[in-house]
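Enquirer: Contents of coords.cif (mmCIF, C-alpha atoms):
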```
data_structure
#
loop_
_atom_site.label_atom_id
_atom_site.label_comp_id
_atom_site.auth_asym_id
_atom_site.auth_seq_id
_atom_site.Cartn_x
_atom_site.Cartn_y
_atom_site.Cartn_z
CA SER A 13 22.13 10.11 -9.12
CA GLN A 14 20.12 7.18 -10.43
CA LYS A 15 19.27 7.18 -14.12
CA ILE A 16 17.78 4.89 -16.73
CA GLU A 17 18.50 6.02 -20.25
CA GLN A 18 16.88 4.88 -23.45
CA ASN A 19 17.37 6.47 -26.85
CA SER A 20 15.20 9.55 -26.66
CA GLU A 21 15.08 9.95 -30.42
CA ALA A 22 12.91 7.71 -32.53
CA LEU A 23 14.58 4.79 -34.28
CA ASN A 24 13.64 4.45 -37.94
CA ILE A 25 14.51 1.25 -39.78
CA GLN A 26 13.50 -0.58 -42.93
CA GLU A 27 11.25 -3.61 -42.85
CA GLY A 28 13.22 -6.84 -42.63
CA LYS A 29 16.18 -5.29 -40.79
CA THR A 30 17.11 -5.88 -37.17
CA ALA A 31 16.15 -3.18 -34.69
CA THR A 32 18.42 -2.75 -31.68
CA LEU A 33 17.27 -0.70 -28.71
CA THR A 34 19.48 0.25 -25.78
CA CYS A 35 18.78 0.61 -22.08
CA ASN A 36 21.59 1.97 -19.89
CA TYR A 37 21.33 2.49 -16.17
CA THR A 38 23.42 4.24 -13.53
CA ASN A 39 23.58 3.65 -9.79
CA TYR A 40 21.14 0.76 -9.81
CA SER A 41 21.75 -2.90 -9.05
CA PRO A 42 18.72 -4.58 -10.61
CA ALA A 43 17.84 -8.17 -9.87
CA TYR A 44 16.06 -8.36 -13.23
CA LEU A 45 15.10 -6.26 -16.19
CA GLN A 46 11.92 -6.33 -18.26
CA TRP A 47 11.02 -5.02 -21.70
CA TYR A 48 7.53 -3.81 -22.54
CA ARG A 49 5.84 -2.57 -25.68
CA GLN A 50 3.47 0.39 -25.52
CA ASP A 51 1.20 1.56 -28.32
CA PRO A 52 -0.34 5.06 -28.27
CA GLY A 53 -3.23 5.30 -25.83
CA ARG A 54 -2.68 1.80 -24.47
CA GLY A 55 -1.06 0.12 -21.50
CA PRO A 56 2.38 -1.52 -21.63
CA VAL A 57 2.47 -5.12 -22.83
CA PHE A 58 5.07 -7.45 -21.32
CA LEU A 59 7.60 -8.91 -23.76
CA LEU A 60 10.61 -10.41 -21.97
CA LEU A 61 12.21 -10.65 -18.54
CA ILE A 62 15.92 -11.33 -17.98
CA ARG A 63 17.59 -11.86 -14.61
CA GLU A 64 20.97 -10.60 -13.46
CA ASN A 65 22.54 -14.06 -13.76
CA GLU A 66 21.34 -14.49 -17.37
CA LYS A 67 23.25 -13.14 -20.36
CA GLU A 68 20.62 -13.58 -23.05
CA LYS A 69 16.95 -14.45 -23.52
CA ARG A 70 15.06 -15.16 -26.73
CA LYS A 71 11.42 -15.33 -27.70
CA GLU A 72 10.50 -15.77 -31.35
CA ARG A 73 11.96 -12.71 -33.17
CA LEU A 74 12.95 -11.00 -29.93
CA LYS A 75 16.27 -11.20 -28.13
CA VAL A 76 17.42 -9.37 -25.02
CA THR A 77 20.88 -9.25 -23.48
CA PHE A 78 21.86 -8.07 -20.03
CA ASP A 79 25.39 -6.96 -19.14
CA THR A 80 25.64 -6.07 -15.45
CA THR A 81 29.25 -4.94 -15.88
CA LEU A 82 28.38 -2.43 -18.58
CA LYS A 83 25.03 -1.75 -16.86
CA GLN A 84 23.27 -2.16 -20.14
CA SER A 85 20.54 -4.19 -21.81
CA LEU A 86 20.09 -4.51 -25.55
CA PHE A 87 16.75 -5.43 -27.10
CA HIS A 88 16.74 -6.81 -30.63
CA ILE A 89 13.85 -7.38 -33.02
CA THR A 90 14.94 -9.43 -36.03
CA ALA A 91 13.13 -9.38 -39.39
CA SER A 92 11.26 -6.29 -38.24
CA GLN A 93 7.77 -5.56 -39.56
CA PRO A 94 5.70 -2.35 -39.71
CA ALA A 95 3.50 -3.90 -36.99
CA ASP A 96 6.51 -3.73 -34.64
CA SER A 97 6.26 0.08 -34.70
CA ALA A 98 5.63 1.17 -31.10
CA THR A 99 7.38 2.57 -28.05
CA TYR A 100 9.55 0.07 -26.18
CA LEU A 101 10.13 0.50 -22.46
CA CYS A 102 12.76 -1.06 -20.27
CA ALA A 103 12.03 -1.51 -16.58
CA LEU A 104 14.34 -2.46 -13.73
CA GLY A 105 13.31 -4.63 -10.81
CA MET A 106 15.47 -4.01 -7.76
CA ASP A 107 14.67 -7.18 -5.85
CA THR A 108 11.88 -9.68 -5.81
CA GLY A 109 10.71 -8.50 -2.40
CA ARG A 110 10.06 -4.90 -3.31
CA ARG A 111 8.42 -5.51 -6.70
CA ALA A 112 8.14 -1.87 -7.81
CA LEU A 113 9.43 -1.43 -11.36
CA THR A 114 11.53 1.57 -12.38
CA PHE A 115 10.92 2.50 -16.01
CA GLY A 116 12.96 4.26 -18.64
CA SER A 117 11.19 6.85 -20.77
CA GLY A 118 11.09 4.53 -23.78
CA THR A 119 12.30 4.48 -27.36
CA ARG A 120 9.90 4.93 -30.26
CA LEU A 121 10.53 2.47 -33.08
CA GLN A 122 9.22 3.15 -36.58
CA VAL A 123 9.55 0.34 -39.13
CA GLN A 124 9.16 1.57 -42.69
CA PRO A 125 7.59 -0.78 -45.27
CA ASN B 29 -9.03 -15.06 -19.20
CA ALA B 30 -9.79 -11.36 -19.05
CA GLY B 31 -6.86 -9.04 -18.60
CA VAL B 32 -6.49 -6.22 -16.12
CA MET B 33 -9.51 -3.95 -16.32
CA GLN B 34 -9.56 -0.28 -15.51
CA ASN B 35 -12.41 2.18 -15.46
CA PRO B 36 -13.20 4.72 -16.44
CA ARG B 37 -10.91 4.90 -19.44
CA HIS B 38 -11.22 8.68 -19.55
CA LEU B 39 -12.08 10.95 -16.67
CA VAL B 40 -12.51 14.72 -16.71
CA ARG B 41 -12.56 16.66 -13.46
CA ARG B 42 -12.48 20.30 -12.52
CA ARG B 43 -9.90 21.60 -10.10
CA GLY B 44 -10.86 20.79 -6.53
CA GLN B 45 -13.02 17.76 -7.36
CA GLU B 46 -12.26 14.17 -6.46
CA ALA B 47 -11.14 11.49 -8.90
CA ARG B 48 -11.71 7.77 -8.29
CA LEU B 49 -9.92 5.28 -10.53
CA ARG B 50 -10.78 1.59 -10.40
CA CYS B 51 -8.71 -1.47 -11.22
CA SER B 52 -9.75 -5.13 -11.37
CA PRO B 53 -6.72 -7.41 -11.52
CA MET B 54 -6.44 -10.50 -13.67
CA LYS B 55 -8.12 -13.59 -12.30
CA GLY B 56 -5.91 -15.26 -9.73
CA HIS B 57 -3.77 -12.16 -9.19
CA SER B 58 -3.71 -10.78 -5.68
CA HIS B 59 -1.05 -8.09 -6.13
CA VAL B 60 -1.89 -4.71 -7.61
CA TYR B 61 0.39 -1.83 -8.58
CA TRP B 62 -0.43 1.72 -9.63
CA TYR B 63 1.79 3.78 -11.93
CA ARG B 64 1.43 7.28 -13.32
CA GLN B 65 2.62 8.41 -16.74
CA LEU B 66 2.92 12.11 -17.35
CA PRO B 67 2.98 13.36 -20.97
CA GLU B 68 6.28 12.51 -22.67
CA GLU B 69 7.60 10.82 -19.51
CA GLY B 70 8.11 7.26 -18.34
CA LEU B 71 5.88 5.39 -15.95
CA LYS B 72 6.45 6.22 -12.28
CA PHE B 73 5.61 3.75 -9.55
CA MET B 74 3.08 4.96 -7.01
CA VAL B 75 1.87 2.14 -4.78
CA TYR B 76 1.85 -1.65 -4.39
CA LEU B 77 -1.05 -3.36 -2.64
CA GLN B 78 -2.18 -6.81 -1.69
CA LYS B 79 -5.68 -7.59 -0.51
CA GLU B 80 -6.46 -5.26 2.42
CA ASN B 81 -2.79 -4.22 2.75
CA ILE B 82 -0.60 -1.47 1.40
CA ILE B 83 2.83 -3.04 0.91
CA ASP B 84 4.81 -0.15 -0.59
CA GLU B 85 3.55 3.41 -1.02
CA SER B 86 6.95 5.03 -1.50
CA GLY B 87 5.88 6.62 -4.80
CA MET B 88 2.63 8.13 -3.59
CA PRO B 89 2.44 11.90 -3.11
CA LYS B 90 2.09 12.60 0.61
CA GLU B 91 -1.14 14.54 0.30
CA ARG B 92 -4.43 14.09 -1.58
CA PHE B 93 -3.62 10.61 -2.91
CA SER B 94 -4.75 7.33 -1.37
CA ALA B 95 -5.18 3.76 -2.52
CA GLU B 96 -6.98 0.69 -1.28
CA PHE B 97 -7.54 -2.90 -2.33
CA PRO B 98 -10.42 -4.28 -0.29
CA LYS B 99 -11.15 -7.93 0.34
CA GLU B 100 -13.97 -7.75 -2.20
CA GLY B 101 -14.07 -5.55 -5.25
CA PRO B 102 -11.56 -3.57 -7.27
CA SER B 103 -8.57 -1.57 -6.18
CA ILE B 104 -9.29 2.15 -5.97
CA LEU B 105 -6.87 5.04 -6.47
CA ARG B 106 -8.40 8.18 -5.05
CA ILE B 107 -7.20 11.71 -5.72
CA GLN B 108 -8.79 14.43 -3.65
CA GLN B 109 -8.94 18.11 -4.64
CA VAL B 110 -7.38 17.50 -8.03
CA VAL B 111 -5.06 20.07 -9.57
CA ARG B 112 -3.99 20.53 -13.20
CA GLY B 113 -0.68 18.78 -12.49
CA ASP B 114 -2.59 15.56 -11.73
CA SER B 115 -3.52 15.27 -15.42
CA ALA B 116 -1.86 12.06 -16.57
CA ALA B 117 -2.45 8.47 -17.55
CA TYR B 118 -2.80 6.18 -14.54
CA PHE B 119 -2.00 2.54 -15.10
CA CYS B 120 -2.77 -0.40 -12.91
CA ALA B 121 -0.84 -3.65 -13.11
CA SER B 122 -1.33 -6.98 -11.40
CA SER B 123 0.69 -10.10 -10.70
CA PRO B 124 0.06 -13.46 -9.07
CA PRO B 125 1.26 -13.99 -5.49
CA THR B 126 4.22 -16.16 -6.44
CA GLY B 127 6.15 -17.55 -9.36
CA THR B 128 6.80 -14.48 -11.46
CA ASP B 129 8.05 -10.92 -11.24
CA THR B 130 6.14 -9.97 -14.38
CA GLN B 131 3.46 -7.32 -14.05
CA TYR B 132 0.50 -7.23 -16.43
CA PHE B 133 -0.87 -3.81 -17.20
CA GLY B 134 -4.36 -2.52 -17.80
CA PRO B 135 -5.32 -0.03 -20.53
CA GLY B 136 -5.06 2.94 -18.19
CA THR B 137 -7.29 5.79 -17.10
CA ARG B 138 -6.59 9.16 -18.68
CA LEU B 139 -7.35 11.89 -16.19
CA THR B 140 -7.81 15.43 -17.43
CA VAL B 141 -8.14 18.22 -14.90
CA LEU B 142 -9.71 21.40 -16.25
#
```
Translate the structure of the given file into structure tokens.
Expert:
Amino acid sequence: SQKIEQNSEALNIQEGKTATLTCNYTNYSPAYLQWYRQDPGRGPVFLLLIRENEKEKRKERLKVTFDTTLKQSLFHITASQPADSATYLCALGMDTGRRALTFGSGTRLQVQP
Amino acid sequence: NAGVMQNPRHLVRRRGQEARLRCSPMKGHSHVYWYRQLPEEGLKFMVYLQKENIIDESGMPKERFSAEFPKEGPSILRIQQVVRGDSAAYFCASSPPTGTDTQYFGPGTRLTVL
């Protein structure tokens, strides 16, 4: 069956450290993968998109990798801050024609000051 | 440039009533998507619309749910004869017609069915 798995338990790290979040998928062949941030009671906010032919993407303190052989994406936040505390969602896009995103259930990140 | 707007932000209905959720996409965006988020679950795709057309409704429940995106005005997600299991956060997203696969989300409508 098809599955998208993100760490179900909250990730607690100290301020200044690097947070690494994992997104694994099974029985999908995504054309691209997106990461979103969601705060309680709010809508998801787009962070990064990476395509199947890209290995790595960076944006300021954020880095995402995409390994289609391992069927895994890693999302890194360097020099983490308490303001980075939120739930992070990965979403798979199957092909640019269809456009529907398939979301994981998210990982809650808590950055301790 | 205003973001995606949704209203109402909170909606309370009794079982059997109708719920109407509205979504105004970002300026210049002609594609609208609706997702539902149940408590403690991920977002689930419901429907993808362009102006006056439903492109993909593979995630819509077969009964009681409908969506439209008229030539003028917001997109509407309509739920008839609501049941307690419809209680959820409903998010709308929009994207421009070309050039990106990124979807930009609104703040959501939280529907509570009593």
Enquirer: Within 10 Å of A:Asp79, counting all atoms listed in the file, which residues show up once you throw out same-chain ones fewer than 2 positions away? Write them as JSON, numbers by chain, please.
Expert: {"A": [36, 64, 65, 66, 67, 68, 77, 81, 82, 83, 84, 85, 86]}
Enquirer: Please determine the contact residues of chain A with respect to chain B at a cut-off of 7 Å, counting all atoms listed in the file, and supply them as a list in words.
Expert: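 Within 7 Å of chain B on chain A, we get Arg54, Gly55, Pro56, Val57, Phe58, Thr108, Ala112, Leu113, Thr114, Phe115, Gly116, Ser117 and Gly118 of chain A.
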Enquirer: So which one's closest to B:Pro102, B:Pro89, B:Pro53, B:Pro36, B:Pro125? Using all atoms listed in the file, please.
Expert: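 Ranking B:Pro89, B:Pro53, B:Pro36, B:Pro125 by distance to B:Pro102, first place goes to B:Pro53.
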Enquirer: Which residues would end up in the selection if the PyMOL selection byres ((chain B and resi 47) around 6) were applied here, given that I need the answer as a PyMOL selection string?
Expert: chain B and resi 46+48+106-107
Enquirer: Evaluated on this file, the PyMOL selection byres ((chain A and resi 99-104) around 6) picks out some residues - which ones are they, written as a PyMOL selection string?
Expert: chain A and resi 42+45-50+98+105+113-116+118-121
Enquirer: Write the residues you've just listed into a file as a tab-separated table (two decimals), keeping the file's coordinate frame, and include C-alpha atoms for each of them.
Expert:
```
chain	number	residue	atom	x	y	z
A	42	PRO	CA	18.72	-4.58	-10.61
A	45	LEU	CA	15.10	-6.26	-16.19
A	46	GLN	CA	11.92	-6.33	-18.26
A	47	TRP	CA	11.02	-5.02	-21.70
A	48	TYR	CA	7.53	-3.81	-22.54
A	49	ARG	CA	5.84	-2.57	-25.68
A	50	GLN	CA	3.47	0.39	-25.52
A	98	ALA	CA	5.63	1.17	-31.10
A	105	GLY	CA	13.31	-4.63	-10.81
A	113	LEU	CA	9.43	-1.43	-11.36
A	114	THR	CA	11.53	1.57	-12.38
A	115	PHE	CA	10.92	2.50	-16.01
A	116	GLY	CA	12.96	4.26	-18.64
A	118	GLY	CA	11.09	4.53	-23.78
A	119	THR	CA	12.30	4.48	-27.36
A	120	ARG	CA	9.90	4.93	-30.26
A	121	LEU	CA	10.53	2.47	-33.08
```
Enquirer: For atom CA of B:Thr140 and atom CA of B:Glu91, determine how far apart the two atoms are, in Å to one decimal place.
Expert: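 These two atoms are separated by 19.0 Å.
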Enquirer: For each of B:Gln109, B:Ser115, B:Ser58, B:Arg50, take the minimum atom-to-atom distance to B:Ala95, counting all atoms listed in the file, then give the residue where this is smallest.
Expert: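 Selected residue with least distance to B:Ala95: B:Arg50.
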Enquirer: If you measure from atom CA of B:Val60 to atom CA of B:Ser103, what distance in Å do you get, rounded to one decimal?
Expert: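 About the pair atom CA of B:Val60 and atom CA of B:Ser103: they are 7.5 Å apart.
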Enquirer: Return the single residue from A:Met106, A:Leu59, A:Arg111, A:Ile89 that is closest to A:Ala31, with distances computed using only C-alpha atoms.
Expert: A:Ile89
Enquirer: Which polymer residues, whether protein, DNA or RNA, lie within 8 Å of the coordinate (-10.9, 19.7, -13.8) when you count all atoms listed in the file? List them as a list in words, using the chain letters and numbers from the file.
Expert: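 Within 8 Å of (-10.9, 19.7, -13.8), the protein and nucleic acid residues are Val40, Arg41, Arg42, Arg43, Gly44, Gln45, Val110, Val111, Arg112, Thr140, Val141 and Leu142 of chain B.
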Enquirer: Please evaluate the PyMOL selection byres ((chain B and resi 98) around 9) against the displayed coordinates and give the resulting residues as a list in words.
Expert: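 The output of the PyMOL selection byres ((chain B and resi 98) around 9) on this file is Gln78, Lys79, Glu80, Asn81, Glu96, Phe97, Lys99, Glu100, Gly101, Pro102, Ser103 and Ile104 of chain B.
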Enquirer: Could you name the residues that touch A:Pro125 at 9 Å or less, counting only C-alpha atoms, but leaving out those on the same chain fewer than 4 positions away, as a VMD selection string?
Expert: chain A and resid 26 to 28 93 to 94
Enquirer: Pick out the closest residue to B:Ser52 from this set: B:Leu39, B:Leu105, B:Leu139, B:Ile82. Count all atoms listed in the file.
Expert: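 Closest candidate: B:Leu105.
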